[in-house]
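Okay, run.cif now, which holds mmCIF, C-alpha atoms:
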data_data
#
loop_
_atom_site.group_PDB
_atom_site.id
_atom_site.type_symbol
_atom_site.label_atom_id
_atom_site.label_comp_id
_atom_site.auth_asym_id
_atom_site.auth_seq_id
_atom_site.Cartn_x
_atom_site.Cartn_y
_atom_site.Cartn_z
ATOM 1 C CA MET A 25 11.609 -39.785 25.665
ATOM 2 C CA THR A 26 7.849 -39.402 25.508
ATOM 3 C CA LEU A 27 5.882 -39.171 22.297
ATOM 4 C CA ARG A 28 4.933 -35.541 22.981
ATOM 5 C CA ARG A 29 8.587 -34.499 23.366
ATOM 6 C CA ARG A 30 9.558 -36.310 20.172
ATOM 7 C CA GLU A 31 6.774 -34.543 18.291
ATOM 8 C CA ALA A 32 7.848 -31.179 19.723
ATOM 9 C CA ARG A 33 11.474 -31.730 18.691
ATOM 10 C CA THR A 34 10.404 -32.882 15.235
ATOM 11 C CA GLY A 35 8.205 -29.790 14.821
ATOM 12 C CA LEU A 36 11.034 -27.520 15.939
ATOM 13 C CA LEU A 37 13.375 -29.214 13.490
ATOM 14 C CA LEU A 38 10.906 -28.724 10.641
ATOM 15 C CA ILE A 39 10.364 -25.009 11.279
ATOM 16 C CA SER A 40 14.021 -24.220 12.055
ATOM 17 C CA PRO A 41 14.903 -23.304 8.413
ATOM 18 C CA THR A 42 12.045 -20.786 8.367
ATOM 19 C CA LEU A 43 13.143 -19.389 11.717
ATOM 20 C CA VAL A 44 16.728 -18.980 10.525
ATOM 21 C CA ILE A 45 15.645 -17.242 7.317
ATOM 22 C CA THR A 46 13.324 -14.944 9.275
ATOM 23 C CA LEU A 47 16.083 -14.040 11.710
ATOM 24 C CA VAL A 48 18.599 -13.316 8.957
ATOM 25 C CA VAL A 49 16.280 -11.497 6.553
ATOM 26 C CA VAL A 50 13.879 -9.695 8.929
ATOM 27 C CA VAL A 51 14.915 -9.602 12.587
ATOM 28 C CA VAL A 52 18.633 -8.824 12.280
ATOM 29 C CA PRO A 53 18.199 -5.973 9.720
ATOM 30 C CA LEU A 54 15.364 -4.541 11.851
ATOM 31 C CA LEU A 55 17.490 -4.558 15.001
ATOM 32 C CA TRP A 56 20.387 -3.051 13.060
ATOM 33 C CA ALA A 57 18.154 -0.240 11.744
ATOM 34 C CA ILE A 58 16.861 0.479 15.260
ATOM 35 C CA MET A 59 20.414 0.622 16.559
ATOM 36 C CA LEU A 60 21.469 3.044 13.793
ATOM 37 C CA ALA A 61 18.428 5.238 14.465
ATOM 38 C CA PHE A 62 19.791 6.049 17.929
ATOM 39 C CA GLN A 63 23.347 6.825 16.797
ATOM 40 C CA ASP A 64 25.050 9.550 14.791
ATOM 41 C CA ALA A 65 25.609 7.219 11.861
ATOM 42 C CA ARG A 66 26.712 8.712 8.574
ATOM 43 C CA LEU A 67 28.278 7.174 5.527
ATOM 44 C CA ILE A 68 31.673 8.557 6.468
ATOM 45 C CA ASN A 69 31.702 7.011 9.945
ATOM 46 C CA ILE A 70 29.511 3.929 9.460
ATOM 47 C CA ARG A 71 32.454 1.637 10.228
ATOM 48 C CA ARG A 72 32.773 3.138 13.709
ATOM 49 C CA THR A 73 29.177 2.467 14.676
ATOM 50 C CA GLY A 74 28.420 -0.636 16.657
ATOM 51 C CA LEU A 75 26.405 -2.241 19.382
ATOM 52 C CA PHE A 76 28.088 -0.184 22.085
ATOM 53 C CA GLY A 77 28.024 3.200 20.367
ATOM 54 C CA ASN A 78 26.806 6.523 21.727
ATOM 55 C CA TYR A 79 23.033 6.325 21.779
ATOM 56 C CA THR A 80 20.982 9.493 21.524
ATOM 57 C CA LEU A 81 17.551 10.797 20.534
ATOM 58 C CA ASP A 82 18.979 13.564 18.364
ATOM 59 C CA ASN A 83 18.047 11.779 15.135
ATOM 60 C CA PHE A 84 14.371 11.639 16.067
ATOM 61 C CA THR A 85 14.361 15.256 17.193
ATOM 62 C CA TYR A 86 16.060 16.291 13.975
ATOM 63 C CA VAL A 87 13.713 14.268 11.762
ATOM 64 C CA ILE A 88 10.501 15.482 13.405
ATOM 65 C CA SER A 89 11.586 19.129 13.514
ATOM 66 C CA GLU A 90 12.920 19.094 9.938
ATOM 67 C CA PRO A 91 10.818 21.222 7.557
ATOM 68 C CA GLY A 92 8.560 19.096 5.421
ATOM 69 C CA PHE A 93 8.210 16.120 7.751
ATOM 70 C CA TRP A 94 4.627 16.769 8.805
ATOM 71 C CA SER A 95 3.539 17.653 5.278
ATOM 72 C CA ALA A 96 5.147 14.426 4.052
ATOM 73 C CA LEU A 97 3.328 12.477 6.756
ATOM 74 C CA THR A 98 0.050 14.148 5.746
ATOM 75 C CA ASN A 99 0.720 13.312 2.098
ATOM 76 C CA THR A 100 1.419 9.719 3.101
ATOM 77 C CA LEU A 101 -1.879 9.405 4.956
ATOM 78 C CA VAL A 102 -3.905 11.037 2.160
ATOM 79 C CA TYR A 103 -2.139 8.951 -0.483
ATOM 80 C CA THR A 104 -2.646 5.750 1.510
ATOM 81 C CA VAL A 105 -6.294 6.215 2.466
ATOM 82 C CA ALA A 106 -7.411 7.519 -0.931
ATOM 83 C CA GLY A 107 -5.369 4.978 -2.910
ATOM 84 C CA THR A 108 -6.624 2.097 -0.785
ATOM 85 C CA ALA A 109 -10.269 3.161 -0.968
ATOM 86 C CA LEU A 110 -10.198 3.774 -4.719
ATOM 87 C CA SER A 111 -8.404 0.529 -5.566
ATOM 88 C CA ILE A 112 -10.889 -1.510 -3.523
ATOM 89 C CA ALA A 113 -13.886 0.371 -4.959
ATOM 90 C CA ILE A 114 -12.730 -0.135 -8.558
ATOM 91 C CA GLY A 115 -11.905 -3.774 -7.839
ATOM 92 C CA LEU A 116 -15.385 -4.278 -6.398
ATOM 93 C CA VAL A 117 -17.064 -2.749 -9.451
ATOM 94 C CA ALA A 118 -14.932 -4.842 -11.810
ATOM 95 C CA ALA A 119 -15.638 -8.036 -9.865
ATOM 96 C CA LEU A 120 -19.381 -7.417 -9.898
ATOM 97 C CA ALA A 121 -19.310 -6.677 -13.629
ATOM 98 C CA LEU A 122 -17.358 -9.835 -14.497
ATOM 99 C CA LYS A 123 -18.793 -12.390 -12.092
ATOM 100 C CA ASP A 124 -21.403 -13.744 -14.514
ATOM 101 C CA ARG A 125 -20.691 -15.794 -17.608
ATOM 102 C CA PHE A 126 -20.389 -14.118 -21.012
ATOM 103 C CA LYS A 127 -18.435 -14.681 -24.196
ATOM 104 C CA GLY A 128 -14.781 -13.746 -23.775
ATOM 105 C CA ARG A 129 -14.986 -13.479 -19.989
ATOM 106 C CA THR A 130 -11.692 -15.271 -19.420
ATOM 107 C CA LEU A 131 -9.842 -12.917 -21.766
ATOM 108 C CA VAL A 132 -11.352 -9.836 -20.130
ATOM 109 C CA ARG A 133 -10.501 -11.096 -16.654
ATOM 110 C CA ALA A 134 -6.933 -11.813 -17.689
ATOM 111 C CA SER A 135 -6.528 -8.363 -19.271
ATOM 112 C CA ILE A 136 -7.609 -6.695 -16.034
ATOM 113 C CA LEU A 137 -4.519 -8.131 -14.341
ATOM 114 C CA ILE A 138 -2.135 -6.328 -16.713
ATOM 115 C CA PRO A 139 -1.677 -3.177 -14.553
ATOM 116 C CA TYR A 140 -0.780 -5.322 -11.546
ATOM 117 C CA VAL A 141 1.608 -7.768 -13.227
ATOM 118 C CA ALA A 142 3.315 -5.281 -15.556
ATOM 119 C CA PRO A 143 6.719 -3.934 -14.405
ATOM 120 C CA VAL A 144 6.276 -0.746 -12.405
ATOM 121 C CA VAL A 145 9.014 1.014 -14.385
ATOM 122 C CA ALA A 146 7.186 0.330 -17.648
ATOM 123 C CA VAL A 147 3.755 1.480 -16.481
ATOM 124 C CA ALA A 148 5.187 4.561 -14.738
ATOM 125 C CA PHE A 149 6.961 5.557 -17.962
ATOM 126 C CA LEU A 150 3.714 4.979 -19.875
ATOM 127 C CA TRP A 151 1.845 7.335 -17.547
ATOM 128 C CA GLU A 152 4.592 9.951 -17.828
ATOM 129 C CA VAL A 153 4.289 9.895 -21.605
ATOM 130 C CA MET A 154 0.486 10.000 -21.602
ATOM 131 C CA LEU A 155 0.348 12.883 -19.094
ATOM 132 C CA ASN A 156 3.130 14.957 -20.607
ATOM 133 C CA PRO A 157 1.838 18.542 -21.078
ATOM 134 C CA GLN A 158 3.573 18.908 -24.467
ATOM 135 C CA TYR A 159 2.918 15.672 -26.341
ATOM 136 C CA GLY A 160 0.853 13.509 -23.977
ATOM 137 C CA ILE A 161 -2.330 12.030 -25.389
ATOM 138 C CA VAL A 162 -4.381 13.013 -22.322
ATOM 139 C CA ASN A 163 -3.694 16.717 -22.806
ATOM 140 C CA THR A 164 -4.905 16.550 -26.409
ATOM 141 C CA TRP A 165 -8.390 16.022 -24.989
ATOM 142 C CA LEU A 166 -8.200 19.151 -22.811
ATOM 143 C CA SER A 167 -8.699 22.763 -23.767
ATOM 144 C CA GLU A 168 -5.553 23.764 -21.839
ATOM 145 C CA PRO A 169 -2.614 21.449 -21.091
ATOM 146 C CA ILE A 170 -2.091 20.395 -17.491
ATOM 147 C CA ALA A 171 1.254 19.334 -16.034
ATOM 148 C CA PHE A 172 -0.216 16.450 -14.074
ATOM 149 C CA LEU A 173 3.075 15.246 -12.588
ATOM 150 C CA THR A 174 4.873 18.564 -12.034
ATOM 151 C CA GLN A 175 2.077 20.915 -10.986
ATOM 152 C CA ALA A 176 1.547 21.045 -7.237
ATOM 153 C CA ARG A 177 -1.705 23.015 -7.301
ATOM 154 C CA GLY A 178 -4.344 23.612 -9.917
ATOM 155 C CA THR A 179 -7.954 24.699 -10.353
ATOM 156 C CA LEU A 180 -10.604 22.094 -11.062
ATOM 157 C CA LEU A 181 -14.289 23.054 -11.166
ATOM 158 C CA GLY A 182 -13.459 26.243 -9.317
ATOM 159 C CA LEU A 183 -11.577 24.432 -6.552
ATOM 160 C CA THR A 184 -7.847 24.432 -5.851
ATOM 161 C CA VAL A 185 -6.668 20.819 -5.786
ATOM 162 C CA PRO A 186 -3.272 19.087 -5.447
ATOM 163 C CA VAL A 187 -2.889 18.009 -9.070
ATOM 164 C CA ALA A 188 0.262 15.886 -8.786
ATOM 165 C CA LEU A 189 -0.861 14.155 -5.598
ATOM 166 C CA LEU A 190 -4.244 13.290 -7.114
ATOM 167 C CA THR A 191 -2.475 11.943 -10.194
ATOM 168 C CA VAL A 192 -0.265 9.697 -8.074
ATOM 169 C CA ILE A 193 -3.333 8.493 -6.165
ATOM 170 C CA ALA A 194 -5.071 7.709 -9.459
ATOM 171 C CA PHE A 195 -2.022 5.727 -10.565
ATOM 172 C CA GLU A 196 -2.068 3.802 -7.291
ATOM 173 C CA ALA A 197 -5.752 2.943 -7.702
ATOM 174 C CA TRP A 198 -5.313 1.929 -11.343
ATOM 175 C CA ARG A 199 -2.248 -0.216 -10.698
ATOM 176 C CA TYR A 200 -3.527 -2.124 -7.680
ATOM 177 C CA PHE A 201 -7.267 -2.507 -8.229
ATOM 178 C CA PRO A 202 -6.628 -5.955 -9.833
ATOM 179 C CA PHE A 203 -5.351 -7.097 -6.430
ATOM 180 C CA ALA A 204 -8.734 -6.265 -4.883
ATOM 181 C CA PHE A 205 -10.500 -7.633 -7.952
ATOM 182 C CA LEU A 206 -9.007 -11.101 -7.424
ATOM 183 C CA PHE A 207 -9.961 -11.269 -3.746
ATOM 184 C CA ILE A 208 -13.501 -10.000 -4.231
ATOM 185 C CA LEU A 209 -14.163 -12.104 -7.341
ATOM 186 C CA ALA A 210 -13.061 -15.248 -5.512
ATOM 187 C CA ARG A 211 -15.509 -14.475 -2.706
ATOM 188 C CA LEU A 212 -18.312 -13.676 -5.152
ATOM 189 C CA GLN A 213 -17.825 -17.019 -6.884
ATOM 190 C CA ALA A 214 -18.269 -18.754 -3.518
ATOM 191 C CA LEU A 215 -21.511 -16.975 -2.575
ATOM 192 C CA PRO A 216 -24.537 -19.280 -2.399
ATOM 193 C CA ARG A 217 -26.755 -18.600 -5.400
ATOM 194 C CA GLU A 218 -29.865 -19.493 -3.409
ATOM 195 C CA LEU A 219 -29.748 -16.192 -1.494
ATOM 196 C CA ASP A 220 -29.562 -14.061 -4.627
ATOM 197 C CA GLU A 221 -32.239 -16.108 -6.367
ATOM 198 C CA ALA A 222 -34.528 -15.795 -3.347
ATOM 199 C CA ALA A 223 -34.011 -12.016 -3.343
ATOM 200 C CA VAL A 224 -34.951 -11.877 -7.047
ATOM 201 C CA VAL A 225 -38.086 -13.928 -6.404
ATOM 202 C CA ASP A 226 -39.023 -11.560 -3.560
ATOM 203 C CA GLY A 227 -38.815 -8.632 -5.981
ATOM 204 C CA ALA A 228 -35.598 -7.036 -4.679
ATOM 205 C CA THR A 229 -34.016 -4.458 -6.981
ATOM 206 C CA PRO A 230 -30.352 -4.808 -8.028
ATOM 207 C CA SER A 231 -29.327 -2.116 -5.528
ATOM 208 C CA GLN A 232 -31.235 -3.865 -2.732
ATOM 209 C CA ARG A 233 -29.650 -7.197 -3.616
ATOM 210 C CA PHE A 234 -26.208 -5.585 -3.542
ATOM 211 C CA ARG A 235 -26.822 -3.842 -0.223
ATOM 212 C CA HIS A 236 -28.604 -6.583 1.695
ATOM 213 C CA VAL A 237 -27.366 -9.826 0.114
ATOM 214 C CA ILE A 238 -23.948 -9.338 -1.471
ATOM 215 C CA MET A 239 -22.173 -6.719 0.661
ATOM 216 C CA PRO A 240 -22.842 -8.373 4.055
ATOM 217 C CA GLN A 241 -20.959 -11.408 2.760
ATOM 218 C CA LEU A 242 -18.092 -9.320 1.351
ATOM 219 C CA TRP A 243 -17.293 -7.268 4.457
ATOM 220 C CA ARG A 244 -14.632 -9.652 5.740
ATOM 221 C CA VAL A 245 -12.829 -9.673 2.393
ATOM 222 C CA VAL A 246 -13.079 -5.888 2.112
ATOM 223 C CA ALA A 247 -11.739 -5.501 5.659
ATOM 224 C CA LEU A 248 -8.800 -7.796 4.889
ATOM 225 C CA LEU A 249 -8.095 -5.927 1.660
ATOM 226 C CA SER A 250 -8.212 -2.611 3.505
ATOM 227 C CA VAL A 251 -5.535 -3.755 5.940
ATOM 228 C CA LEU A 252 -3.295 -5.266 3.276
ATOM 229 C CA ARG A 253 -3.542 -2.340 0.882
ATOM 230 C CA PHE A 254 -3.121 0.168 3.719
ATOM 231 C CA VAL A 255 0.123 -1.482 4.841
ATOM 232 C CA PHE A 256 1.483 -1.863 1.313
ATOM 233 C CA THR A 257 0.560 1.679 0.257
ATOM 234 C CA PHE A 258 1.705 3.362 3.471
ATOM 235 C CA THR A 259 5.254 2.138 2.877
ATOM 236 C CA LYS A 260 5.139 2.540 -0.914
ATOM 237 C CA PHE A 261 8.196 4.154 -2.476
ATOM 238 C CA ASP A 262 8.724 3.140 -6.086
ATOM 239 C CA ASP A 263 5.443 4.391 -7.561
ATOM 240 C CA VAL A 264 5.770 7.919 -6.186
ATOM 241 C CA TYR A 265 9.490 8.157 -6.864
ATOM 242 C CA LEU A 266 9.213 6.980 -10.469
ATOM 243 C CA LEU A 267 6.338 9.335 -11.287
ATOM 244 C CA THR A 268 7.325 12.564 -9.534
ATOM 245 C CA GLY A 269 10.511 11.924 -7.562
ATOM 246 C CA GLY A 270 8.661 13.254 -4.532
ATOM 247 C CA GLY A 271 8.286 16.713 -6.053
ATOM 248 C CA ALA A 272 5.224 18.894 -6.711
ATOM 249 C CA GLY A 273 3.745 18.217 -3.293
ATOM 250 C CA THR A 274 3.878 14.421 -3.533
ATOM 251 C CA GLU A 275 6.704 13.730 -1.105
ATOM 252 C CA VAL A 276 5.819 10.831 1.184
ATOM 253 C CA VAL A 277 7.789 9.632 4.180
ATOM 254 C CA SER A 278 9.365 6.698 2.329
ATOM 255 C CA VAL A 279 10.768 9.116 -0.270
ATOM 256 C CA ARG A 280 12.180 11.269 2.548
ATOM 257 C CA VAL A 281 13.912 8.208 3.977
ATOM 258 C CA TYR A 282 15.541 7.612 0.598
ATOM 259 C CA THR A 283 16.515 11.279 0.292
ATOM 260 C CA PHE A 284 18.142 11.335 3.715
ATOM 261 C CA LEU A 285 20.028 8.155 2.899
ATOM 262 C CA THR A 286 21.291 9.049 -0.579
ATOM 263 C CA ALA A 287 21.375 12.839 -0.863
ATOM 264 C CA ARG A 288 22.543 13.591 2.675
ATOM 265 C CA ASP A 289 24.351 10.342 3.509
ATOM 266 C CA ASP A 290 22.675 10.558 6.923
ATOM 267 C CA ILE A 291 22.085 6.906 7.764
ATOM 268 C CA GLY A 292 21.000 7.564 11.346
ATOM 269 C CA ALA A 293 18.369 10.137 10.365
ATOM 270 C CA SER A 294 17.007 7.936 7.581
ATOM 271 C CA ALA A 295 16.767 4.991 9.988
ATOM 272 C CA ALA A 296 15.023 7.204 12.562
ATOM 273 C CA GLN A 297 12.554 8.370 9.951
ATOM 274 C CA ALA A 298 11.854 4.788 8.928
ATOM 275 C CA ILE A 299 11.233 3.891 12.579
ATOM 276 C CA VAL A 300 8.784 6.801 12.902
ATOM 277 C CA LEU A 301 6.994 5.555 9.775
ATOM 278 C CA ALA A 302 6.792 2.055 11.253
ATOM 279 C CA VAL A 303 5.463 3.366 14.586
ATOM 280 C CA VAL A 304 2.713 5.365 12.871
ATOM 281 C CA LEU A 305 1.764 2.290 10.856
ATOM 282 C CA VAL A 306 1.639 0.123 13.986
ATOM 283 C CA VAL A 307 -0.603 2.687 15.708
ATOM 284 C CA PHE A 308 -3.067 2.679 12.817
ATOM 285 C CA LEU A 309 -3.084 -1.119 12.703
ATOM 286 C CA ALA A 310 -3.668 -1.267 16.460
ATOM 287 C CA VAL A 311 -6.644 1.087 16.106
ATOM 288 C CA TYR A 312 -8.028 -1.036 13.282
ATOM 289 C CA LEU A 313 -7.658 -4.295 15.215
ATOM 290 C CA ARG A 314 -9.182 -2.686 18.298
ATOM 291 C CA PHE A 315 -12.353 -1.487 16.594
ATOM 292 C CA PHE A 316 -12.718 -3.650 13.493
ATOM 293 C CA GLY A 317 -10.802 -6.848 14.201
ATOM 294 C CA GLY A 318 -13.413 -8.549 16.363
ATOM 295 C CA GLU A 319 -15.727 -11.330 15.361
ATOM 296 C CA ARG A 320 -18.884 -10.387 13.474
ATOM 297 C CA GLU A 321 -22.208 -11.972 14.204
#
Translate this file's structure into structure tokens.
Amino acid sequence: MTLRRREARTGLLLISPTLVITLVVVVVPLLWAIMLAFQDARLINIRRTGLFGNYTLDNFTYVISEPGFWSALTNTLVYTVAGTALSIAIGLVAALALKDRFKGRTLVRASILIPYVAPVVAVAFLWEVMLNPQYGIVNTWLSEPIAFLTQARGTLLGLTVPVALLTVIAFEAWRYFPFAFLFILARLQALPRELDEAAVVDGATPSQRFRHVIMPQLWRVVALLSVLRFVFTFTKFDDVYLLTGGGAGTEVVSVRVYTFLTARDDIGASAAQAIVLAVVLVVFLAVYLRFFGGERE
């Protein structure tokens, strides 16, 4: 046996545990969900479904034509894009504010991570209490109480806005901006100081230094964060469900999947809806990689 073959067999042996875990945890459940999406699978007849069942497209037709699907998909896109953009923007501001040395910097940096590391159940309950229209502390600052989590529409500065959806987006940005903060701060710490010092010597203003020196070196990190946060937020379930239960105009597709599975016991329809969600996500990622995934000069 040649040296190259021995190395190939050794490499295959080393990665085989990872391959087995991936097959058991990811591939097999995915194939099973795809199979259920094309069958009339309900909780009452789940034992009779199998590899050689009656395959049909009825689940997809039913899911897409069901009232509320397109509004839920729109909510998902708005929630994902706005939550991703806000979390990255806040993380960028926080990273820029805390990149230089000052007394107590370590403590401040550590405290910023609290929203991200705290249990989601705890922080969701905290927001529910703070935003309660009867005894919440936020409403004590307002002239008229606002039901932030149960009011679908409201008037703000003369405009009709989706109150509950905006509140959920704000929660998303607040909870996950530390994720962006860590990435951006790490990149800022690695920036060569000579460029910034040269810009200061040349008389560049802080805004000019940010635009022409700092941001060009942060674009790759921001692009990576945009993809990661988009994927994570697009499939997010727990935040929305804990805050509003999908009510008041905040229903996203992941909540609909849960509703179909638990309230209707329709396993096939919930699997079909999850497949539709995955396909939409893949399409958006393909568009991103097509236009923004190339090498930058």
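One distance worth recording is that between atom CA of A:Val306 and atom CA of A:Asn78, which is 27.1 Å.
One distance worth recording is that between atom CA of A:Ala61 and atom CA of A:Val44, which is 24.6 Å.
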Hits from the PyMOL selection byres ((chain A and resi 200) around 9), listed as an NGL selection string: :A and (107-108 or 111-112 or 115 or 139-140 or 195-199 or 201-205 or 253)
Distance criterion (only C-alpha atoms): nearest to A:Ala188 out of A:Phe126, A:Trp243, A:Phe62, A:Tyr103: A:Tyr103
Reference answer for the PyMOL selection byres ((chain A and resi 149) around 12), as a ChimeraX atom specification: /A:142-148,150-156,160,173,195,263,265-268
Non-local contacts of A:Leu219 (10 Å; all atoms listed in the file; under 3 positions in same chain excluded) as a PyMOL selection string: chain A and resi 215-216+222-225+233+237-238
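If you look at atom CA of A:Val264 and atom CA of A:Val141, they are 17.7 Å away from each other.
Closest approach to A:Arg217 among A:Asp124, A:Leu305, A:Gly178, A:Thr286 is made by A:Asp124 (distances from all atoms listed in the file).
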Residues selected by the PyMOL selection byres ((chain A and resi 291) around 9), written as a list of chain:residue names: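 In the shown coordinates, the PyMOL selection byres ((chain A and resi 291) around 9) covers A:Leu60, A:Ala61, A:Asp64, A:Ala65, A:Arg66, A:Leu67, A:Ile70, A:Phe284, A:Leu285, A:Thr286, A:Arg288, A:Asp289, A:Asp290, A:Gly292, A:Ala293, A:Ser294, A:Ala295, A:Ala296.
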Selected residue, from A:Val281, A:Ala287, A:Ile193, A:Leu206, that lies nearest to A:Arg133 when counting only C-alpha atoms: A:Leu206
Mind completing stretch 282-290 of chain A with all heavy atoms? Output as a CSV table (one decimal), keeping the file's coordinate frame, please?
chain,number,residue,atom,x,y,z
A,282,TYR,N,14.6,7.8,1.7
A,282,TYR,CA,15.5,7.6,0.6
A,282,TYR,C,16.4,8.9,0.4
A,282,TYR,O,17.6,8.8,0.2
A,282,TYR,CB,14.8,7.3,-0.7
A,282,TYR,CG,15.7,7.1,-1.9
A,282,TYR,CD1,16.4,5.9,-2.1
A,282,TYR,CD2,15.8,8.1,-2.8
A,282,TYR,CE1,17.2,5.8,-3.2
A,282,TYR,CE2,16.6,8.0,-4.0
A,282,TYR,CZ,17.3,6.8,-4.1
A,282,TYR,OH,18.1,6.7,-5.3
A,283,THR,N,15.8,10.0,0.5
A,283,THR,CA,16.5,11.3,0.3
A,283,THR,C,17.6,11.5,1.4
A,283,THR,O,18.7,11.8,1.1
A,283,THR,CB,15.5,12.5,0.3
A,283,THR,OG1,14.6,12.3,-0.8
A,283,THR,CG2,16.3,13.8,0.1
A,284,PHE,N,17.2,11.2,2.6
A,284,PHE,CA,18.1,11.3,3.7
A,284,PHE,C,19.3,10.4,3.5
A,284,PHE,O,20.4,10.7,3.9
A,284,PHE,CB,17.4,11.1,5.1
A,284,PHE,CG,16.8,12.3,5.7
A,284,PHE,CD1,15.6,12.8,5.2
A,284,PHE,CD2,17.5,13.0,6.7
A,284,PHE,CE1,15.1,13.9,5.8
A,284,PHE,CE2,16.9,14.1,7.3
A,284,PHE,CZ,15.7,14.6,6.8
A,285,LEU,N,19.0,9.2,3.0
A,285,LEU,CA,20.0,8.2,2.9
A,285,LEU,C,21.0,8.4,1.7
A,285,LEU,O,22.2,8.2,1.9
A,285,LEU,CB,19.4,6.8,2.7
A,285,LEU,CG,20.3,5.6,2.6
A,285,LEU,CD1,21.1,5.4,3.9
A,285,LEU,CD2,19.5,4.3,2.3
A,286,THR,N,20.5,8.9,0.6
A,286,THR,CA,21.3,9.0,-0.6
A,286,THR,C,21.8,10.5,-0.8
A,286,THR,O,23.0,10.6,-1.0
A,286,THR,CB,20.5,8.6,-1.8
A,286,THR,OG1,19.3,9.4,-1.9
A,286,THR,CG2,20.1,7.2,-1.7
A,287,ALA,N,20.9,11.5,-0.6
A,287,ALA,CA,21.4,12.8,-0.9
A,287,ALA,C,22.2,13.4,0.3
A,287,ALA,O,23.1,14.2,0.1
A,287,ALA,CB,20.2,13.7,-1.1
A,288,ARG,N,21.9,13.0,1.5
A,288,ARG,CA,22.5,13.6,2.7
A,288,ARG,C,23.5,12.6,3.3
A,288,ARG,O,24.2,13.0,4.2
A,288,ARG,CB,21.5,14.0,3.7
A,288,ARG,CG,20.5,15.0,3.2
A,288,ARG,CD,19.6,15.6,4.3
A,288,ARG,NE,18.5,16.4,3.8
A,288,ARG,CZ,17.7,17.1,4.5
A,288,ARG,NH1,17.8,17.0,5.8
A,288,ARG,NH2,16.7,17.8,4.0
A,289,ASP,N,23.5,11.4,2.9
A,289,ASP,CA,24.4,10.3,3.5
A,289,ASP,C,24.2,10.2,5.0
A,289,ASP,O,25.1,9.9,5.8
A,289,ASP,CB,25.8,10.6,3.2
A,289,ASP,CG,26.1,10.5,1.7
A,289,ASP,OD1,25.4,9.8,1.0
A,289,ASP,OD2,27.1,11.2,1.2
A,290,ASP,N,23.0,10.6,5.5
A,290,ASP,CA,22.7,10.6,6.9
A,290,ASP,C,21.9,9.3,7.2
A,290,ASP,O,20.7,9.2,7.2
A,290,ASP,CB,21.8,11.8,7.3
A,290,ASP,CG,21.8,12.0,8.8
A,290,ASP,OD1,22.1,11.1,9.6
A,290,ASP,OD2,21.5,13.2,9.2
